[in-house]
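With mmCIF, N, CA and C atoms inside, this is entry22.cif:
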data_start
#
loop_
_atom_site.label_atom_id
_atom_site.label_comp_id
_atom_site.auth_asym_id
_atom_site.auth_seq_id
_atom_site.Cartn_x
_atom_site.Cartn_y
_atom_site.Cartn_z
N MET A 1 169.64 56.02 112.65
CA MET A 1 169.78 54.67 113.16
C MET A 1 170.77 53.88 112.31
N PHE A 2 170.61 53.91 110.98
CA PHE A 2 171.49 53.17 110.08
C PHE A 2 172.93 53.65 110.19
N LYS A 3 173.09 54.98 110.34
CA LYS A 3 174.43 55.54 110.43
C LYS A 3 175.14 55.04 111.69
N SER A 4 174.47 54.95 112.81
CA SER A 4 175.12 54.51 114.05
C SER A 4 175.46 53.01 114.00
N ILE A 5 174.62 52.20 113.36
CA ILE A 5 174.92 50.77 113.23
C ILE A 5 176.12 50.56 112.31
N SER A 6 176.17 51.29 111.21
CA SER A 6 177.32 51.13 110.31
C SER A 6 178.60 51.63 110.97
N THR A 7 178.51 52.65 111.79
CA THR A 7 179.69 53.13 112.51
C THR A 7 180.20 52.07 113.48
N VAL A 8 179.30 51.41 114.18
CA VAL A 8 179.69 50.35 115.11
C VAL A 8 180.35 49.20 114.36
N ILE A 9 179.80 48.82 113.22
CA ILE A 9 180.36 47.73 112.42
C ILE A 9 181.76 48.10 111.93
N ILE A 10 181.94 49.32 111.43
CA ILE A 10 183.24 49.76 110.94
C ILE A 10 184.26 49.81 112.07
N LEU A 11 183.89 50.36 113.23
CA LEU A 11 184.82 50.42 114.36
C LEU A 11 185.19 49.02 114.85
N THR A 12 184.23 48.10 114.86
CA THR A 12 184.51 46.73 115.27
C THR A 12 185.48 46.08 114.29
N PHE A 13 185.26 46.27 113.00
CA PHE A 13 186.15 45.70 111.98
C PHE A 13 187.58 46.20 112.16
N PHE A 14 187.75 47.52 112.34
CA PHE A 14 189.09 48.06 112.50
C PHE A 14 189.73 47.64 113.81
N SER A 15 188.97 47.48 114.88
CA SER A 15 189.57 47.06 116.14
C SER A 15 190.03 45.61 116.06
N ILE A 16 189.32 44.75 115.32
CA ILE A 16 189.75 43.37 115.15
C ILE A 16 191.03 43.32 114.32
N ASN A 17 191.10 44.09 113.23
CA ASN A 17 192.29 44.11 112.39
C ASN A 17 193.48 44.76 113.07
N ALA A 18 193.24 45.66 114.04
CA ALA A 18 194.33 46.35 114.70
C ALA A 18 195.03 45.47 115.73
N GLN A 19 194.37 44.40 116.16
CA GLN A 19 194.99 43.52 117.15
C GLN A 19 196.18 42.80 116.52
N ALA A 20 197.25 42.78 117.25
CA ALA A 20 198.45 42.12 116.75
C ALA A 20 198.38 40.63 117.05
N ALA A 21 199.08 39.88 116.25
CA ALA A 21 199.21 38.45 116.51
C ALA A 21 200.28 38.27 117.58
N LYS A 22 200.14 37.24 118.37
CA LYS A 22 201.13 36.92 119.38
C LYS A 22 201.83 35.63 118.98
N VAL A 23 203.14 35.66 119.02
CA VAL A 23 203.94 34.50 118.70
C VAL A 23 204.58 34.02 120.00
N SER A 24 204.38 32.74 120.30
CA SER A 24 205.04 32.16 121.47
C SER A 24 206.00 31.08 120.98
N CYS A 25 207.21 31.10 121.51
CA CYS A 25 208.25 30.17 121.08
C CYS A 25 208.83 29.44 122.28
N SER A 26 209.13 28.18 122.07
CA SER A 26 209.84 27.36 123.04
C SER A 26 211.12 26.89 122.38
N PHE A 27 212.21 26.96 123.11
CA PHE A 27 213.50 26.60 122.55
C PHE A 27 213.97 25.27 123.11
N ASP A 28 214.44 24.41 122.22
CA ASP A 28 214.89 23.09 122.63
C ASP A 28 216.36 22.83 122.30
N TYR A 29 217.05 23.84 121.79
CA TYR A 29 218.45 23.66 121.45
C TYR A 29 219.15 25.00 121.46
N GLY A 30 220.39 25.04 121.94
CA GLY A 30 221.16 26.27 121.95
C GLY A 30 222.61 26.00 121.63
N ASP A 31 223.14 26.67 120.62
CA ASP A 31 224.54 26.54 120.21
C ASP A 31 225.28 27.83 120.51
N ALA A 32 226.57 27.71 120.76
CA ALA A 32 227.44 28.86 120.96
C ALA A 32 228.57 28.82 119.94
N PHE A 33 228.88 29.99 119.37
CA PHE A 33 229.91 30.11 118.36
C PHE A 33 230.87 31.23 118.73
N ASN A 34 232.12 31.08 118.34
CA ASN A 34 233.12 32.11 118.52
C ASN A 34 232.80 33.24 117.54
N SER A 35 232.70 34.47 118.04
CA SER A 35 232.32 35.58 117.16
C SER A 35 233.45 36.01 116.24
N THR A 36 234.67 35.60 116.51
CA THR A 36 235.80 35.97 115.66
C THR A 36 235.90 35.11 114.42
N ASP A 37 235.87 33.78 114.62
CA ASP A 37 236.06 32.88 113.48
C ASP A 37 234.85 32.00 113.17
N GLY A 38 233.79 32.09 113.97
CA GLY A 38 232.58 31.33 113.71
C GLY A 38 232.64 29.88 114.14
N SER A 39 233.73 29.49 114.80
CA SER A 39 233.84 28.08 115.20
C SER A 39 232.85 27.76 116.32
N TRP A 40 232.39 26.51 116.32
CA TRP A 40 231.43 26.05 117.31
C TRP A 40 232.13 25.93 118.66
N VAL A 41 231.54 26.49 119.70
CA VAL A 41 232.13 26.46 121.03
C VAL A 41 231.46 25.41 121.91
N GLY A 42 230.16 25.20 121.74
CA GLY A 42 229.45 24.22 122.55
C GLY A 42 227.95 24.41 122.45
N ALA A 43 227.26 23.58 123.21
CA ALA A 43 225.80 23.62 123.21
C ALA A 43 225.30 23.73 124.65
N ASP A 44 224.15 24.37 124.82
CA ASP A 44 223.53 24.47 126.14
C ASP A 44 222.76 23.20 126.45
N SER A 45 222.75 22.82 127.69
CA SER A 45 221.99 21.66 128.12
C SER A 45 220.51 22.02 128.20
N PHE A 46 219.69 21.00 128.29
CA PHE A 46 218.25 21.23 128.41
C PHE A 46 217.94 22.01 129.69
N GLU A 47 218.66 21.73 130.76
CA GLU A 47 218.44 22.43 132.03
C GLU A 47 218.75 23.92 131.90
N THR A 48 219.82 24.24 131.17
CA THR A 48 220.17 25.64 130.95
C THR A 48 219.08 26.35 130.16
N LEU A 49 218.58 25.68 129.13
CA LEU A 49 217.49 26.28 128.33
C LEU A 49 216.24 26.47 129.18
N TRP A 50 215.96 25.53 130.04
CA TRP A 50 214.78 25.64 130.91
C TRP A 50 214.94 26.82 131.86
N ASP A 51 216.15 27.02 132.38
CA ASP A 51 216.40 28.15 133.27
C ASP A 51 216.29 29.48 132.53
N LEU A 52 216.76 29.53 131.29
CA LEU A 52 216.71 30.76 130.51
C LEU A 52 215.29 31.09 130.02
N PHE A 53 214.55 30.06 129.63
CA PHE A 53 213.22 30.25 129.02
C PHE A 53 212.19 29.33 129.69
N PRO A 54 211.90 29.52 130.97
CA PRO A 54 210.98 28.60 131.66
C PRO A 54 209.58 28.57 131.05
N GLU A 55 209.16 29.67 130.49
CA GLU A 55 207.84 29.74 129.86
C GLU A 55 207.95 30.08 128.38
N GLY A 56 209.12 29.91 127.81
CA GLY A 56 209.34 30.30 126.42
C GLY A 56 209.39 31.82 126.31
N ILE A 57 209.10 32.32 125.13
CA ILE A 57 209.04 33.78 124.94
C ILE A 57 207.74 34.12 124.24
N MET A 58 207.31 35.36 124.40
CA MET A 58 206.12 35.87 123.74
C MET A 58 206.50 37.16 123.03
N LEU A 59 206.07 37.28 121.78
CA LEU A 59 206.39 38.45 120.97
C LEU A 59 205.16 38.81 120.16
N GLU A 60 204.85 40.10 120.09
CA GLU A 60 203.72 40.54 119.26
C GLU A 60 204.22 40.86 117.86
N LEU A 61 203.43 40.43 116.87
CA LEU A 61 203.74 40.73 115.46
C LEU A 61 202.62 41.59 114.90
N ASP A 62 202.99 42.63 114.16
CA ASP A 62 201.94 43.39 113.49
C ASP A 62 201.55 42.66 112.20
N ASN A 63 200.46 43.07 111.63
CA ASN A 63 199.91 42.38 110.45
C ASN A 63 200.88 42.35 109.27
N SER A 64 201.73 43.37 109.14
CA SER A 64 202.64 43.40 108.00
C SER A 64 203.68 42.27 108.09
N LEU A 65 204.04 41.85 109.30
CA LEU A 65 205.01 40.76 109.45
C LEU A 65 204.37 39.38 109.29
N LEU A 66 203.08 39.27 109.53
CA LEU A 66 202.42 37.97 109.42
C LEU A 66 202.53 37.40 108.01
N GLY A 67 202.48 38.25 107.00
CA GLY A 67 202.61 37.79 105.62
C GLY A 67 203.97 37.16 105.34
N ASN A 68 204.98 37.54 106.11
CA ASN A 68 206.31 36.96 105.92
C ASN A 68 206.35 35.47 106.24
N LEU A 69 205.46 35.01 107.09
CA LEU A 69 205.44 33.58 107.42
C LEU A 69 205.10 32.74 106.19
N ASP A 70 204.28 33.27 105.30
CA ASP A 70 203.89 32.53 104.10
C ASP A 70 205.03 32.42 103.09
N THR A 71 206.02 33.29 103.16
CA THR A 71 207.10 33.26 102.18
C THR A 71 208.07 32.10 102.44
N GLN A 72 208.03 31.53 103.63
CA GLN A 72 208.93 30.45 104.05
C GLN A 72 210.39 30.89 104.01
N GLU A 73 210.62 32.19 104.20
CA GLU A 73 211.97 32.74 104.29
C GLU A 73 212.17 33.29 105.70
N VAL A 74 213.41 33.29 106.15
CA VAL A 74 213.74 33.80 107.47
C VAL A 74 213.57 35.32 107.50
N PHE A 75 212.94 35.84 108.57
CA PHE A 75 212.82 37.28 108.74
C PHE A 75 212.94 37.63 110.21
N LYS A 76 213.41 38.83 110.48
CA LYS A 76 213.52 39.31 111.85
C LYS A 76 212.15 39.74 112.32
N ALA A 77 211.65 39.07 113.36
CA ALA A 77 210.32 39.37 113.87
C ALA A 77 210.35 40.44 114.94
N GLY A 78 211.48 40.61 115.61
CA GLY A 78 211.59 41.62 116.65
C GLY A 78 212.72 41.32 117.60
N SER A 79 212.76 42.08 118.68
CA SER A 79 213.80 41.92 119.69
C SER A 79 213.17 41.85 121.07
N ILE A 80 213.80 41.07 121.93
CA ILE A 80 213.41 41.02 123.34
C ILE A 80 214.68 41.25 124.16
N ASP A 81 214.55 41.23 125.46
CA ASP A 81 215.72 41.50 126.30
C ASP A 81 216.82 40.46 126.16
N LYS A 82 216.51 39.27 125.68
CA LYS A 82 217.51 38.22 125.53
C LYS A 82 218.13 38.16 124.14
N GLY A 83 217.65 38.97 123.20
CA GLY A 83 218.24 38.97 121.86
C GLY A 83 217.23 39.24 120.76
N ASP A 84 217.62 38.94 119.53
CA ASP A 84 216.78 39.15 118.35
C ASP A 84 216.08 37.85 117.98
N VAL A 85 214.81 37.97 117.59
CA VAL A 85 213.99 36.81 117.26
C VAL A 85 213.78 36.76 115.75
N TYR A 86 214.08 35.60 115.17
CA TYR A 86 213.89 35.35 113.75
C TYR A 86 212.91 34.21 113.57
N LEU A 87 212.03 34.32 112.58
CA LEU A 87 211.03 33.30 112.32
C LEU A 87 211.08 32.86 110.87
N ARG A 88 210.59 31.66 110.64
CA ARG A 88 210.43 31.15 109.27
C ARG A 88 209.23 30.22 109.29
N GLY A 89 208.23 30.57 108.48
CA GLY A 89 207.08 29.70 108.33
C GLY A 89 207.42 28.55 107.40
N GLY A 90 206.80 27.42 107.62
CA GLY A 90 207.07 26.26 106.78
C GLY A 90 205.86 25.35 106.69
N ASP A 91 206.02 24.25 105.98
CA ASP A 91 204.92 23.31 105.80
C ASP A 91 204.50 22.65 107.11
N TYR A 92 205.41 22.57 108.08
CA TYR A 92 205.12 21.86 109.32
C TYR A 92 205.06 22.77 110.53
N GLY A 93 204.95 24.07 110.32
CA GLY A 93 204.85 25.00 111.43
C GLY A 93 205.82 26.17 111.29
N ILE A 94 206.13 26.77 112.42
CA ILE A 94 206.99 27.95 112.43
C ILE A 94 208.26 27.63 113.20
N ASP A 95 209.40 27.80 112.54
CA ASP A 95 210.70 27.66 113.19
C ASP A 95 211.07 29.00 113.79
N GLY A 96 211.63 28.96 114.99
CA GLY A 96 212.07 30.18 115.64
C GLY A 96 213.53 30.11 116.04
N LYS A 97 214.22 31.21 115.95
CA LYS A 97 215.61 31.33 116.39
C LYS A 97 215.71 32.62 117.20
N LEU A 98 216.49 32.55 118.25
CA LEU A 98 216.81 33.72 119.04
C LEU A 98 218.32 33.82 119.08
N THR A 99 218.85 34.97 118.72
CA THR A 99 220.30 35.15 118.69
C THR A 99 220.71 36.25 119.67
N SER A 100 221.86 36.05 120.28
CA SER A 100 222.44 37.08 121.13
C SER A 100 223.94 36.98 121.04
N SER A 101 224.62 38.08 121.36
CA SER A 101 226.08 38.05 121.31
C SER A 101 226.64 38.87 122.47
N GLY A 102 227.81 38.47 122.90
CA GLY A 102 228.50 39.16 123.98
C GLY A 102 229.69 38.34 124.43
N ASP A 103 230.71 39.01 124.94
CA ASP A 103 231.92 38.36 125.43
C ASP A 103 232.56 37.45 124.39
N GLY A 104 232.49 37.84 123.12
CA GLY A 104 233.13 37.06 122.06
C GLY A 104 232.39 35.81 121.65
N ILE A 105 231.14 35.65 122.13
CA ILE A 105 230.34 34.45 121.85
C ILE A 105 229.02 34.86 121.20
N ILE A 106 228.62 34.12 120.19
CA ILE A 106 227.29 34.28 119.58
C ILE A 106 226.47 33.07 119.98
N LYS A 107 225.32 33.32 120.58
CA LYS A 107 224.41 32.24 120.98
C LYS A 107 223.25 32.19 119.99
N VAL A 108 222.88 30.97 119.59
CA VAL A 108 221.74 30.77 118.70
C VAL A 108 220.86 29.71 119.34
N TYR A 109 219.65 30.12 119.75
CA TYR A 109 218.68 29.20 120.34
C TYR A 109 217.65 28.84 119.28
N SER A 110 217.33 27.56 119.17
CA SER A 110 216.41 27.08 118.14
C SER A 110 215.20 26.44 118.78
N GLY A 111 214.05 26.61 118.13
CA GLY A 111 212.83 25.99 118.64
C GLY A 111 211.68 26.16 117.68
N TYR A 112 210.48 25.96 118.22
CA TYR A 112 209.26 26.04 117.42
C TYR A 112 208.32 27.04 118.03
N CYS A 113 207.50 27.64 117.17
CA CYS A 113 206.63 28.74 117.61
C CYS A 113 205.19 28.49 117.17
N ASP A 114 204.28 29.13 117.87
CA ASP A 114 202.85 29.12 117.55
C ASP A 114 202.37 30.57 117.46
N VAL A 115 201.38 30.80 116.63
CA VAL A 115 200.78 32.13 116.48
C VAL A 115 199.36 32.08 116.99
N SER A 116 198.98 33.10 117.78
CA SER A 116 197.61 33.23 118.22
C SER A 116 197.15 34.66 117.95
N PHE A 117 195.86 34.86 117.87
CA PHE A 117 195.30 36.17 117.58
C PHE A 117 194.38 36.60 118.71
N GLY A 118 194.40 37.91 118.96
CA GLY A 118 193.47 38.48 119.93
C GLY A 118 193.89 38.49 121.33
#

Could you show the structure in this file as structure tokens?
Amino acid sequence: MFKSISTVIILTFFSINAQAAKVSCSFDYGDAFNSTDGSWVGADSFETLWDLFPEGIMLELDNSLLGNLDTQEVFKAGSIDKGDVYLRGGDYGIDGKLTSSGDGIIKVYSGYCDVSFG
């Protein structure tokens, strides 16, 4: 009896720890830069951002990346179909950036993110 209860407790503990955190980001600003010389080309309007990210983005983080939020340094959290996602934890929340490049232009979208578990 004791062995089966301890097995259930251990399996429950590992299943809770195995769940990844989910990061959701909303972007409120987008800049474009020339990929050759880095000069600023322009900014996306709010309507363009809404069309690109109507519900924001969702990305799963494994436990090893969650510790990076405490360092308050920028780190690559992952990639989605629209580009690479970078995060930085801070005193007032999580800053998020999504970058993409193509046709001689580098796009950088900026916003804020939330983390949820389970």

*Report the distance between atom N of Ser116 (chain A) and atom N of Gly30 (chain A) in Å, rounded to one decimal place.*
23.3 Å

Per DSSP on the backbone, filter region 29-83 of chain A down to the residues in strand (DSSP E) and report them as a CSV table (one decimal) with N, CA and C atoms, keeping the file's coordinate frame.
chain,number,residue,atom,x,y,z
A,29,TYR,N,217.0,23.8,121.8
A,29,TYR,CA,218.4,23.7,121.4
A,29,TYR,C,219.2,25.0,121.5
A,30,GLY,N,220.4,25.0,121.9
A,30,GLY,CA,221.2,26.3,122.0
A,30,GLY,C,222.6,26.0,121.6
A,31,ASP,N,223.1,26.7,120.6
A,31,ASP,CA,224.5,26.5,120.2
A,31,ASP,C,225.3,27.8,120.5
A,32,ALA,N,226.6,27.7,120.8
A,32,ALA,CA,227.4,28.9,121.0
A,32,ALA,C,228.6,28.8,119.9
A,33,PHE,N,228.9,30.0,119.4
A,33,PHE,CA,229.9,30.1,118.4
A,33,PHE,C,230.9,31.2,118.7
A,34,ASN,N,232.1,31.1,118.3
A,34,ASN,CA,233.1,32.1,118.5
A,34,ASN,C,232.8,33.2,117.5
A,40,TRP,N,232.4,26.5,116.3
A,40,TRP,CA,231.4,26.0,117.3
A,40,TRP,C,232.1,25.9,118.7
A,41,VAL,N,231.5,26.5,119.7
A,41,VAL,CA,232.1,26.5,121.0
A,41,VAL,C,231.5,25.4,121.9
A,42,GLY,N,230.2,25.2,121.7
A,42,GLY,CA,229.4,24.2,122.6
A,42,GLY,C,228.0,24.4,122.4
A,43,ALA,N,227.3,23.6,123.2
A,43,ALA,CA,225.8,23.6,123.2
A,43,ALA,C,225.3,23.7,124.6
A,57,ILE,N,209.1,32.3,125.1
A,57,ILE,CA,209.0,33.8,124.9
A,57,ILE,C,207.7,34.1,124.2
A,58,MET,N,207.3,35.4,124.4
A,58,MET,CA,206.1,35.9,123.7
A,58,MET,C,206.5,37.2,123.0
A,59,LEU,N,206.1,37.3,121.8
A,59,LEU,CA,206.4,38.4,121.0
A,59,LEU,C,205.2,38.8,120.2
A,60,GLU,N,204.8,40.1,120.1
A,60,GLU,CA,203.7,40.5,119.3
A,60,GLU,C,204.2,40.9,117.9
A,61,LEU,N,203.4,40.4,116.9
A,61,LEU,CA,203.7,40.7,115.5
A,61,LEU,C,202.6,41.6,114.9
A,75,PHE,N,212.9,35.8,108.6
A,75,PHE,CA,212.8,37.3,108.7
A,75,PHE,C,212.9,37.6,110.2
A,76,LYS,N,213.4,38.8,110.5
A,76,LYS,CA,213.5,39.3,111.8
A,76,LYS,C,212.2,39.7,112.3
A,77,ALA,N,211.6,39.1,113.4
A,77,ALA,CA,210.3,39.4,113.9
A,77,ALA,C,210.4,40.4,114.9
A,78,GLY,N,211.5,40.6,115.6
A,78,GLY,CA,211.6,41.6,116.6
A,78,GLY,C,212.7,41.3,117.6
A,79,SER,N,212.8,42.1,118.7
A,79,SER,CA,213.8,41.9,119.7
A,79,SER,C,213.2,41.8,121.1
A,80,ILE,N,213.8,41.1,121.9
A,80,ILE,CA,213.4,41.0,123.3
A,80,ILE,C,214.7,41.2,124.2
A,83,GLY,N,217.6,39.0,123.2
A,83,GLY,CA,218.2,39.0,121.9
A,83,GLY,C,217.2,39.2,120.8

*Exactly which residues make up the result of the PyMOL selection byres ((chain A and resi 59-68) around 8) on this file, given as a ChimeraX atom specification?*
/A:17-25,56-58,69-80,87-89

*To one decimal place, how far is atom N of Ile94 (chain A) from CA of Tyr109 (chain A) in Å?*
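Between these atoms lies a distance of 15.0 Å.
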
_Gap from CA of Phe46 (chain A) to atom N of Tyr29 (chain A) - Å, one decimal_ =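 Separation of CA of Phe46 (chain A) and atom N of Tyr29 (chain A): 7.2 Å.
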
*Which residues fall under the PyMOL selection byres (((chain A and resi 99 and name CA) around 9) and name CA) in this file, as a list of chain:residue names?*
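What the PyMOL selection byres (((chain A and resi 99 and name CA) around 9) and name CA) grabs from the file is A:Lys82, A:Gly83, A:Asp84, A:Val85, A:Tyr86, A:Lys97, A:Leu98, A:Ser100, A:Ser101, A:Ile106, A:Lys107, A:Val108, A:Tyr109, A:Ser110.
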
Quick one: axis-aligned box around all listed atoms of region 55-73 of chain A, 5 Å on every side, centre and edge lengths in Å to one decimal, written as JSON.
{"center_x": 206.0, "center_y": 36.5, "center_z": 116.3, "size_x": 22.3, "size_y": 23.7, "size_z": 38.3}
